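Q: My file is structure-v1.cif. It has mmCIF, N, CA, C and O atoms:
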```cif
data_run
#
loop_
_atom_site.label_atom_id
_atom_site.label_comp_id
_atom_site.auth_asym_id
_atom_site.auth_seq_id
_atom_site.Cartn_x
_atom_site.Cartn_y
_atom_site.Cartn_z
N MET A 1313 111.76 121.16 101.38
CA MET A 1313 110.59 120.29 101.38
C MET A 1313 110.73 119.31 102.53
O MET A 1313 111.79 118.75 102.77
N ASN A 1314 109.67 119.08 103.23
CA ASN A 1314 109.63 118.10 104.31
C ASN A 1314 109.05 116.79 103.79
O ASN A 1314 107.93 116.75 103.30
N VAL A 1315 109.85 115.73 103.91
CA VAL A 1315 109.49 114.43 103.37
C VAL A 1315 109.43 113.40 104.49
O VAL A 1315 110.35 113.32 105.30
N ALA A 1316 108.38 112.62 104.50
CA ALA A 1316 108.28 111.47 105.41
C ALA A 1316 108.50 110.22 104.59
O ALA A 1316 107.92 110.07 103.51
N LEU A 1317 109.35 109.34 105.06
CA LEU A 1317 109.65 108.09 104.39
C LEU A 1317 109.21 106.97 105.33
O LEU A 1317 109.70 106.89 106.46
N VAL A 1318 108.26 106.17 104.89
CA VAL A 1318 107.71 105.11 105.74
C VAL A 1318 107.97 103.75 105.09
O VAL A 1318 107.48 103.47 104.00
N THR A 1319 108.77 102.92 105.77
CA THR A 1319 108.98 101.56 105.29
C THR A 1319 107.94 100.65 105.94
O THR A 1319 107.39 100.97 106.98
N GLY A 1320 107.67 99.54 105.28
CA GLY A 1320 106.65 98.63 105.79
C GLY A 1320 105.27 99.24 105.72
O GLY A 1320 104.39 98.95 106.53
N ALA A 1321 105.06 100.09 104.72
CA ALA A 1321 103.83 100.87 104.63
C ALA A 1321 102.65 100.12 104.02
O ALA A 1321 101.55 100.66 103.97
N SER A 1322 102.83 98.88 103.59
CA SER A 1322 101.73 98.20 102.90
C SER A 1322 100.65 97.68 103.84
O SER A 1322 99.53 97.41 103.41
N SER A 1323 100.97 97.55 105.14
CA SER A 1323 99.95 97.05 106.07
C SER A 1323 100.35 97.36 107.50
O SER A 1323 101.44 97.86 107.78
N GLY A 1324 99.46 97.05 108.40
CA GLY A 1324 99.74 97.15 109.82
C GLY A 1324 100.11 98.53 110.29
O GLY A 1324 99.58 99.54 109.83
N LEU A 1325 101.05 98.56 111.23
CA LEU A 1325 101.48 99.81 111.83
C LEU A 1325 102.04 100.80 110.79
O LEU A 1325 101.78 102.00 110.87
N GLY A 1326 102.79 100.30 109.83
CA GLY A 1326 103.34 101.17 108.79
C GLY A 1326 102.26 101.91 108.02
O GLY A 1326 102.36 103.11 107.79
N ALA A 1327 101.22 101.20 107.63
CA ALA A 1327 100.13 101.82 106.88
C ALA A 1327 99.38 102.84 107.75
O ALA A 1327 99.07 103.94 107.29
N GLU A 1328 99.11 102.49 108.97
CA GLU A 1328 98.39 103.40 109.86
C GLU A 1328 99.20 104.65 110.17
O GLU A 1328 98.66 105.76 110.20
N LEU A 1329 100.49 104.48 110.40
CA LEU A 1329 101.34 105.65 110.65
C LEU A 1329 101.43 106.53 109.42
O LEU A 1329 101.44 107.75 109.52
N ALA A 1330 101.48 105.93 108.24
CA ALA A 1330 101.53 106.71 107.00
C ALA A 1330 100.29 107.59 106.86
O ALA A 1330 100.40 108.77 106.49
N VAL A 1331 99.14 107.05 107.17
CA VAL A 1331 97.89 107.82 107.10
C VAL A 1331 97.93 108.99 108.08
O VAL A 1331 97.57 110.12 107.74
N GLU A 1332 98.38 108.74 109.28
CA GLU A 1332 98.47 109.80 110.29
C GLU A 1332 99.49 110.86 109.91
O GLU A 1332 99.24 112.05 110.04
N ILE A 1333 100.66 110.44 109.46
CA ILE A 1333 101.72 111.37 109.08
C ILE A 1333 101.28 112.24 107.91
O ILE A 1333 101.58 113.44 107.86
N ALA A 1334 100.56 111.67 106.97
CA ALA A 1334 100.10 112.42 105.79
C ALA A 1334 99.18 113.58 106.18
O ALA A 1334 99.05 114.54 105.42
N GLN A 1335 98.58 113.52 107.33
CA GLN A 1335 97.67 114.59 107.78
C GLN A 1335 98.42 115.77 108.39
O GLN A 1335 97.82 116.81 108.63
N ILE A 1336 99.70 115.62 108.61
CA ILE A 1336 100.49 116.70 109.20
C ILE A 1336 100.73 117.77 108.13
O ILE A 1336 101.26 117.47 107.05
N GLN A 1337 100.32 118.98 108.42
CA GLN A 1337 100.39 120.07 107.44
C GLN A 1337 101.80 120.31 106.92
O GLN A 1337 101.99 120.61 105.74
N SER A 1338 102.81 120.17 107.76
CA SER A 1338 104.18 120.51 107.36
C SER A 1338 104.86 119.42 106.52
O SER A 1338 105.95 119.63 106.01
N ILE A 1339 104.22 118.28 106.35
CA ILE A 1339 104.76 117.22 105.50
C ILE A 1339 104.29 117.46 104.07
O ILE A 1339 103.10 117.49 103.79
N ASP A 1340 105.27 117.65 103.17
CA ASP A 1340 104.95 117.94 101.77
C ASP A 1340 104.79 116.69 100.93
O ASP A 1340 104.04 116.67 99.96
N LYS A 1341 105.55 115.65 101.28
CA LYS A 1341 105.53 114.41 100.50
C LYS A 1341 105.74 113.24 101.45
O LYS A 1341 106.51 113.35 102.40
N ILE A 1342 105.05 112.14 101.18
CA ILE A 1342 105.25 110.93 101.98
C ILE A 1342 105.57 109.78 101.03
O ILE A 1342 104.80 109.48 100.12
N ILE A 1343 106.75 109.19 101.22
CA ILE A 1343 107.20 108.09 100.38
C ILE A 1343 106.83 106.78 101.07
O ILE A 1343 107.26 106.53 102.19
N LEU A 1344 106.03 105.99 100.39
CA LEU A 1344 105.54 104.72 100.92
C LEU A 1344 106.39 103.59 100.35
O LEU A 1344 106.43 103.40 99.14
N ILE A 1345 107.05 102.85 101.24
CA ILE A 1345 107.94 101.78 100.80
C ILE A 1345 107.49 100.45 101.37
O ILE A 1345 107.23 100.34 102.57
N ALA A 1346 107.39 99.46 100.50
CA ALA A 1346 107.10 98.08 100.88
C ALA A 1346 107.23 97.22 99.62
O ALA A 1346 107.39 97.75 98.52
N ARG A 1347 107.16 95.93 99.79
CA ARG A 1347 107.29 95.03 98.63
C ARG A 1347 106.01 94.88 97.84
O ARG A 1347 106.04 94.64 96.65
N ARG A 1348 104.86 95.04 98.48
CA ARG A 1348 103.58 94.78 97.81
C ARG A 1348 103.01 96.04 97.17
O ARG A 1348 102.35 96.84 97.83
N GLU A 1349 103.28 96.20 95.89
CA GLU A 1349 102.89 97.42 95.18
C GLU A 1349 101.38 97.65 95.19
O GLU A 1349 100.92 98.78 95.34
N ASN A 1350 100.61 96.59 95.03
CA ASN A 1350 99.15 96.76 94.99
C ASN A 1350 98.62 97.36 96.29
O ASN A 1350 97.75 98.23 96.28
N LYS A 1351 99.14 96.93 97.41
CA LYS A 1351 98.70 97.49 98.70
C LYS A 1351 99.19 98.92 98.88
O LYS A 1351 98.49 99.75 99.45
N LEU A 1352 100.39 99.21 98.38
CA LEU A 1352 100.89 100.58 98.44
C LEU A 1352 100.03 101.52 97.60
O LEU A 1352 99.75 102.65 98.00
N GLN A 1353 99.60 101.05 96.44
CA GLN A 1353 98.75 101.87 95.57
C GLN A 1353 97.42 102.19 96.25
O GLN A 1353 96.94 103.33 96.18
N LEU A 1354 96.85 101.21 96.92
CA LEU A 1354 95.59 101.44 97.64
C LEU A 1354 95.79 102.46 98.75
O LEU A 1354 94.95 103.35 98.96
N LEU A 1355 96.89 102.35 99.46
CA LEU A 1355 97.19 103.30 100.53
C LEU A 1355 97.42 104.70 99.95
O LEU A 1355 96.94 105.69 100.51
N ALA A 1356 98.12 104.78 98.85
CA ALA A 1356 98.37 106.08 98.21
C ALA A 1356 97.06 106.76 97.81
O ALA A 1356 96.92 107.97 97.96
N GLU A 1357 96.12 105.99 97.31
CA GLU A 1357 94.81 106.54 96.96
C GLU A 1357 94.11 107.08 98.20
O GLU A 1357 93.45 108.12 98.14
N ARG A 1358 94.27 106.40 99.29
CA ARG A 1358 93.66 106.82 100.56
C ARG A 1358 94.31 108.11 101.08
O ARG A 1358 93.62 108.98 101.60
N ILE A 1359 95.61 108.24 100.89
CA ILE A 1359 96.35 109.40 101.39
C ILE A 1359 96.17 110.62 100.50
O ILE A 1359 96.00 111.73 100.97
N GLY A 1360 96.25 110.41 99.19
CA GLY A 1360 96.08 111.54 98.28
C GLY A 1360 97.39 111.95 97.61
O GLY A 1360 98.33 111.16 97.51
N ASN A 1361 97.43 113.21 97.17
CA ASN A 1361 98.52 113.66 96.31
C ASN A 1361 99.89 113.78 96.98
O ASN A 1361 100.88 113.97 96.29
N LYS A 1362 99.98 113.68 98.28
CA LYS A 1362 101.27 113.71 98.96
C LYS A 1362 102.03 112.39 98.79
O LYS A 1362 103.24 112.34 98.97
N ALA A 1363 101.32 111.33 98.47
CA ALA A 1363 101.89 109.98 98.47
C ALA A 1363 102.71 109.68 97.23
O ALA A 1363 102.31 110.01 96.11
N VAL A 1364 103.85 109.03 97.45
CA VAL A 1364 104.70 108.51 96.39
C VAL A 1364 104.94 107.04 96.70
O VAL A 1364 105.39 106.70 97.79
N VAL A 1365 104.60 106.18 95.76
CA VAL A 1365 104.73 104.73 95.95
C VAL A 1365 106.10 104.28 95.46
O VAL A 1365 106.51 104.60 94.35
N LEU A 1366 106.79 103.54 96.32
CA LEU A 1366 108.11 103.02 95.98
C LEU A 1366 108.15 101.55 96.38
O LEU A 1366 108.55 101.20 97.49
N PRO A 1367 107.70 100.65 95.47
CA PRO A 1367 107.66 99.23 95.80
C PRO A 1367 109.05 98.60 95.69
O PRO A 1367 109.60 98.49 94.59
N LEU A 1368 109.61 98.26 96.81
CA LEU A 1368 110.91 97.60 96.82
C LEU A 1368 111.15 96.90 98.14
O LEU A 1368 110.43 97.10 99.10
N ASP A 1369 112.18 96.09 98.15
CA ASP A 1369 112.58 95.33 99.34
C ASP A 1369 113.81 96.00 99.92
O ASP A 1369 114.89 95.98 99.31
N ILE A 1370 113.68 96.61 101.09
CA ILE A 1370 114.80 97.36 101.67
C ILE A 1370 115.94 96.48 102.15
O ILE A 1370 117.00 96.98 102.50
N THR A 1371 115.76 95.17 102.13
CA THR A 1371 116.85 94.28 102.51
C THR A 1371 117.84 94.07 101.36
O THR A 1371 118.90 93.50 101.56
N LYS A 1372 117.48 94.55 100.18
CA LYS A 1372 118.35 94.43 99.01
C LYS A 1372 119.19 95.69 98.88
O LYS A 1372 118.66 96.79 98.76
N GLN A 1373 120.49 95.54 98.92
CA GLN A 1373 121.43 96.67 98.90
C GLN A 1373 121.21 97.60 97.72
O GLN A 1373 121.24 98.82 97.86
N ASP A 1374 120.95 97.05 96.53
CA ASP A 1374 120.80 97.89 95.34
C ASP A 1374 119.52 98.73 95.36
O ASP A 1374 119.39 99.68 94.60
N MET A 1375 118.61 98.42 96.25
CA MET A 1375 117.37 99.18 96.34
C MET A 1375 117.57 100.51 97.09
O MET A 1375 116.78 101.43 96.96
N LEU A 1376 118.62 100.60 97.87
CA LEU A 1376 118.88 101.82 98.64
C LEU A 1376 119.11 103.01 97.72
O LEU A 1376 118.73 104.14 98.03
N LEU A 1377 119.69 102.78 96.56
CA LEU A 1377 119.90 103.85 95.58
C LEU A 1377 118.56 104.40 95.10
O LEU A 1377 118.40 105.61 94.92
N LYS A 1378 117.59 103.53 94.91
CA LYS A 1378 116.26 103.99 94.48
C LYS A 1378 115.63 104.89 95.54
O LYS A 1378 114.97 105.87 95.21
N ILE A 1379 115.83 104.55 96.79
CA ILE A 1379 115.31 105.39 97.87
C ILE A 1379 115.99 106.75 97.83
O ILE A 1379 115.34 107.80 97.88
N GLU A 1380 117.31 106.74 97.71
CA GLU A 1380 118.07 107.99 97.65
C GLU A 1380 117.61 108.86 96.48
O GLU A 1380 117.42 110.07 96.62
N GLN A 1381 117.39 108.26 95.33
CA GLN A 1381 116.94 109.00 94.16
C GLN A 1381 115.55 109.60 94.36
O GLN A 1381 115.26 110.68 93.87
N SER A 1382 114.68 108.89 95.06
CA SER A 1382 113.33 109.40 95.28
C SER A 1382 113.30 110.58 96.23
O SER A 1382 112.38 111.38 96.21
N LEU A 1383 114.33 110.71 97.06
CA LEU A 1383 114.38 111.81 98.01
C LEU A 1383 114.78 113.12 97.35
O LEU A 1383 114.30 114.18 97.73
N GLY A 1384 115.66 113.06 96.38
CA GLY A 1384 116.11 114.29 95.73
C GLY A 1384 117.01 115.09 96.65
O GLY A 1384 117.52 114.61 97.65
N ASP A 1385 117.22 116.35 96.29
CA ASP A 1385 118.10 117.24 97.04
C ASP A 1385 117.30 118.22 97.89
O ASP A 1385 116.14 118.48 97.63
N ASP A 1386 117.97 118.77 98.87
CA ASP A 1386 117.42 119.84 99.69
C ASP A 1386 116.11 119.48 100.38
O ASP A 1386 115.14 120.23 100.37
N ASN A 1387 116.07 118.30 100.95
CA ASN A 1387 114.89 117.85 101.68
C ASN A 1387 115.23 117.61 103.14
O ASN A 1387 116.35 117.27 103.48
N HIS A 1388 114.25 117.77 103.97
CA HIS A 1388 114.33 117.38 105.37
C HIS A 1388 113.54 116.09 105.47
O HIS A 1388 112.34 116.07 105.19
N VAL A 1389 114.21 115.01 105.86
CA VAL A 1389 113.58 113.69 105.82
C VAL A 1389 113.28 113.21 107.22
O VAL A 1389 114.15 113.21 108.11
N PHE A 1390 112.05 112.76 107.41
CA PHE A 1390 111.58 112.13 108.63
C PHE A 1390 111.33 110.67 108.28
O PHE A 1390 110.46 110.38 107.47
N ALA A 1391 112.13 109.77 108.82
CA ALA A 1391 112.03 108.36 108.47
C ALA A 1391 111.35 107.56 109.57
O ALA A 1391 111.66 107.72 110.75
N VAL A 1392 110.44 106.68 109.15
CA VAL A 1392 109.75 105.78 110.07
C VAL A 1392 109.94 104.36 109.54
O VAL A 1392 109.45 104.04 108.47
N ASN A 1393 110.64 103.54 110.29
CA ASN A 1393 110.91 102.18 109.86
C ASN A 1393 109.93 101.21 110.52
O ASN A 1393 110.03 100.94 111.71
N CYS A 1394 109.00 100.74 109.73
CA CYS A 1394 108.03 99.75 110.22
C CYS A 1394 108.20 98.42 109.50
O CYS A 1394 107.36 97.54 109.64
N ALA A 1395 109.24 98.28 108.71
CA ALA A 1395 109.51 97.04 108.02
C ALA A 1395 110.06 96.03 109.04
O ALA A 1395 110.81 96.39 109.93
N GLY A 1396 109.66 94.80 108.90
CA GLY A 1396 110.14 93.80 109.83
C GLY A 1396 109.84 92.41 109.34
O GLY A 1396 109.25 92.21 108.28
N MET A 1397 110.24 91.45 110.12
CA MET A 1397 110.01 90.04 109.79
C MET A 1397 109.03 89.44 110.76
O MET A 1397 108.96 89.84 111.90
N GLY A 1398 108.31 88.44 110.26
CA GLY A 1398 107.48 87.72 111.19
C GLY A 1398 106.02 87.83 110.97
O GLY A 1398 105.46 88.52 110.25
#
```
For the structure just supplied, provide its representation as structure tokens.
A:
Amino acid sequence: MNVALVTGASSGLGAELAVEIAQIQSIDKIILIARRENKLQLLAERIGNKAVVLPLDITKQDMLLKIEQSLGDDNHVFAVNCAGMG
């Protein structure tokens, strides 16, 4: 399975890239990561059934396990980091 993982997906460049990536035929699932769950849910509705919402703060060490669990086994992961400060 080909998985795209997009951090900072709740707005700005992250959200726009997520929409574009979701249109790629070879991407089976797109994991949307950001702190604002409500914005992620809206984006997931826009993207459709490929979207998986994962509301968390990637600066927290214990959250990395949740990301790992959402990926599962035997996946090819394409990661896009749009999370940032400012």
Q: Per DSSP on the backbone, filter chain A down to the residues in alpha helix (DSSP H) and report them as JSON, numbers by chain.
A: {"A": [1324, 1325, 1326, 1327, 1328, 1329, 1330, 1331, 1332, 1333, 1334, 1349, 1350, 1351, 1352, 1353, 1354, 1355, 1356, 1357, 1358, 1359, 1375, 1376, 1377, 1378, 1379, 1380, 1381, 1382, 1383]}
Q: Using only C-alpha atoms, which residue out of A:Pro1367, A:Ser1338, A:Ala1395, A:Gln1353 lies closest to Ser1382 in chain A?
A: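 Nearest candidate to Ser1382 in chain A out of A:Pro1367, A:Ser1338, A:Ala1395, A:Gln1353: A:Pro1367.
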Q: CA of Met1313 in chain A and CA of Gly1396 in chain A are how many Å apart?
A: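 Computing the Euclidean distance for CA of Met1313 in chain A and CA of Gly1396 in chain A yields 27.8 Å.
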Q: What is the CA of Val1331 in chain A-CA of Leu1376 in chain A distance in Å, reported with one decimal?
A: 23.4 Å
Q: Tell me which of A:Ala1391, A:Leu1383, A:Val1364, A:Ile1359 sits closest to Ala1327 in chain A, counting only C-alpha atoms.
A: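 Using only C-alpha atoms, Ala1327 in chain A sits closest to A:Ile1359.
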Q: Can you tell me how far atom N of Asn1314 in chain A sits from CA of His1388 in chain A, in Å to one decimal?
A: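 Here the two named atoms are 5.4 Å from each other.
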Q: Could you give me the residues within range 1346-1376 of chain A that DSSP places in strand (DSSP E or B), as a list in words?
A: Ala1346, Ala1363, Val1364, Val1365, Leu1366 and Pro1367 of chain A
Q: Write the residues you've just listed into a file as a short mmCIF file (atom, residue, chain, number, x, y, z; two decimals), in the frame of the given file, and include N, CA, C and O atoms for each of them.
A:
```
data_model
loop_
_atom_site.label_atom_id
_atom_site.label_comp_id
_atom_site.auth_asym_id
_atom_site.auth_seq_id
_atom_site.Cartn_x
_atom_site.Cartn_y
_atom_site.Cartn_z
N ALA A 1346 107.39 99.46 100.50
CA ALA A 1346 107.10 98.08 100.88
C ALA A 1346 107.23 97.22 99.62
O ALA A 1346 107.39 97.75 98.52
N ALA A 1363 101.32 111.33 98.47
CA ALA A 1363 101.89 109.98 98.47
C ALA A 1363 102.71 109.68 97.23
O ALA A 1363 102.31 110.01 96.11
N VAL A 1364 103.85 109.03 97.45
CA VAL A 1364 104.70 108.51 96.39
C VAL A 1364 104.94 107.04 96.70
O VAL A 1364 105.39 106.70 97.79
N VAL A 1365 104.60 106.18 95.76
CA VAL A 1365 104.73 104.73 95.95
C VAL A 1365 106.10 104.28 95.46
O VAL A 1365 106.51 104.60 94.35
N LEU A 1366 106.79 103.54 96.32
CA LEU A 1366 108.11 103.02 95.98
C LEU A 1366 108.15 101.55 96.38
O LEU A 1366 108.55 101.20 97.49
N PRO A 1367 107.70 100.65 95.47
CA PRO A 1367 107.66 99.23 95.80
C PRO A 1367 109.05 98.60 95.69
O PRO A 1367 109.60 98.49 94.59
#
```
Q: Apply the PyMOL selection byres (((chain A and resi 1354 and name CA) around 12) and name CA) to the displayed file and report the matching residues as a ChimeraX atom specification.
A: /A:1321-1323,1327,1331,1344,1348-1353,1355-1360,1363-1365
Q: Rank nothing, just name the residue among A:Asn1387, A:Gln1381, A:Thr1371, A:Asn1393 nearest to Ile1339 in chain A, using only C-alpha atoms.
A: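 Once distances to Ile1339 in chain A are computed over only C-alpha atoms, the minimum belongs to A:Asn1387.
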Q: Determine, counting all atoms listed in the file, which protein, DNA and RNA residues have an atom within 6 Å of an atom of Cys1394 in chain A; residues of the same chain fewer than 4 positions away are not included. Present the result as a list in words.
A: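 Returned residues: Val1318, Thr1319, Gly1320, Ala1321 and Gly1326 of chain A.
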Q: Write the residues you've just listed into a file as a CSV table (one decimal), in the coordinates of the input, and include N, CA, C and O atoms for each of them.
A:
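Here's the written file part16.csv:
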```
chain,number,residue,atom,x,y,z
A,1318,VAL,N,108.3,106.2,104.9
A,1318,VAL,CA,107.7,105.1,105.7
A,1318,VAL,C,108.0,103.8,105.1
A,1318,VAL,O,107.5,103.5,104.0
A,1319,THR,N,108.8,102.9,105.8
A,1319,THR,CA,109.0,101.6,105.3
A,1319,THR,C,107.9,100.6,105.9
A,1319,THR,O,107.4,101.0,107.0
A,1320,GLY,N,107.7,99.5,105.3
A,1320,GLY,CA,106.6,98.6,105.8
A,1320,GLY,C,105.3,99.2,105.7
A,1320,GLY,O,104.4,99.0,106.5
A,1321,ALA,N,105.1,100.1,104.7
A,1321,ALA,CA,103.8,100.9,104.6
A,1321,ALA,C,102.6,100.1,104.0
A,1321,ALA,O,101.6,100.7,104.0
A,1326,GLY,N,102.8,100.3,109.8
A,1326,GLY,CA,103.3,101.2,108.8
A,1326,GLY,C,102.3,101.9,108.0
A,1326,GLY,O,102.4,103.1,107.8
```
Q: So which residues get picked by the PyMOL selection byres ((chain A and resi 1316) around 4.5) here, written as a list in words?
A: Asn1314, Val1315, Leu1317, Val1318, Lys1341, Ile1342, Ile1343 and Phe1390 of chain A
Q: Each side padded by 3 Å, which centre and which edge lengths in Å (one decimal) define the axis-aligned box around the listed atoms of range 1360-1368 of chain A? Give them as lines of an AutoDock Vina configuration file.
A:
```
center_x = 103.6
center_y = 105.4
center_z = 96.8
size_x = 21.1
size_y = 23.1
size_z = 10.8
```
Q: Could you check the closest approach to Leu1366 in chain A for each of A:Leu1329, A:Val1389, A:Ile1336, A:Ile1379 and tell me which residue wins, using all atoms listed in the file?
A: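 Nearest to Leu1366 in chain A: A:Ile1379.
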Q: Save range 1318-1330 of chain A to disk from that block, N, CA, C and O atoms included, as a compact mmCIF listing (two decimals), in the first residue's frame.
A:
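Once everything was written out, this is part37.txt:
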```
# COMPACT_ATOMS: atom_id res chain seq x y z
N VAL A 1318 1.14 13.52 5.79
CA VAL A 1318 1.32 14.96 5.69
C VAL A 1318 1.16 15.59 7.07
O VAL A 1318 0.09 15.51 7.67
N THR A 1319 2.24 16.19 7.57
CA THR A 1319 2.15 16.92 8.83
C THR A 1319 1.82 18.38 8.53
O THR A 1319 2.06 18.86 7.43
N GLY A 1320 1.24 19.04 9.50
CA GLY A 1320 0.84 20.44 9.29
C GLY A 1320 -0.29 20.54 8.28
O GLY A 1320 -0.42 21.53 7.56
N ALA A 1321 -1.13 19.52 8.25
CA ALA A 1321 -2.16 19.42 7.21
C ALA A 1321 -3.41 20.23 7.49
O ALA A 1321 -4.31 20.28 6.65
N SER A 1322 -3.51 20.90 8.63
CA SER A 1322 -4.75 21.59 8.95
C SER A 1322 -4.94 22.91 8.20
O SER A 1322 -6.06 23.41 8.10
N SER A 1323 -3.86 23.47 7.65
CA SER A 1323 -4.00 24.73 6.93
C SER A 1323 -2.78 24.98 6.05
O SER A 1323 -1.80 24.24 6.09
N GLY A 1324 -2.86 26.03 5.29
CA GLY A 1324 -1.73 26.49 4.50
C GLY A 1324 -1.20 25.48 3.51
O GLY A 1324 -1.95 24.72 2.89
N LEU A 1325 0.12 25.47 3.37
CA LEU A 1325 0.78 24.60 2.42
C LEU A 1325 0.49 23.12 2.68
O LEU A 1325 0.28 22.35 1.75
N GLY A 1326 0.45 22.73 3.95
CA GLY A 1326 0.16 21.33 4.27
C GLY A 1326 -1.19 20.88 3.75
O GLY A 1326 -1.33 19.81 3.17
N ALA A 1327 -2.21 21.70 3.94
CA ALA A 1327 -3.55 21.36 3.47
C ALA A 1327 -3.60 21.31 1.95
O ALA A 1327 -4.18 20.39 1.37
N GLU A 1328 -2.99 22.27 1.31
CA GLU A 1328 -3.01 22.30 -0.16
C GLU A 1328 -2.25 21.13 -0.76
O GLU A 1328 -2.68 20.52 -1.74
N LEU A 1329 -1.11 20.79 -0.18
CA LEU A 1329 -0.35 19.64 -0.66
C LEU A 1329 -1.13 18.35 -0.44
O LEU A 1329 -1.11 17.45 -1.28
N ALA A 1330 -1.82 18.24 0.68
CA ALA A 1330 -2.63 17.04 0.95
C ALA A 1330 -3.70 16.85 -0.12
O ALA A 1330 -3.91 15.73 -0.60
```
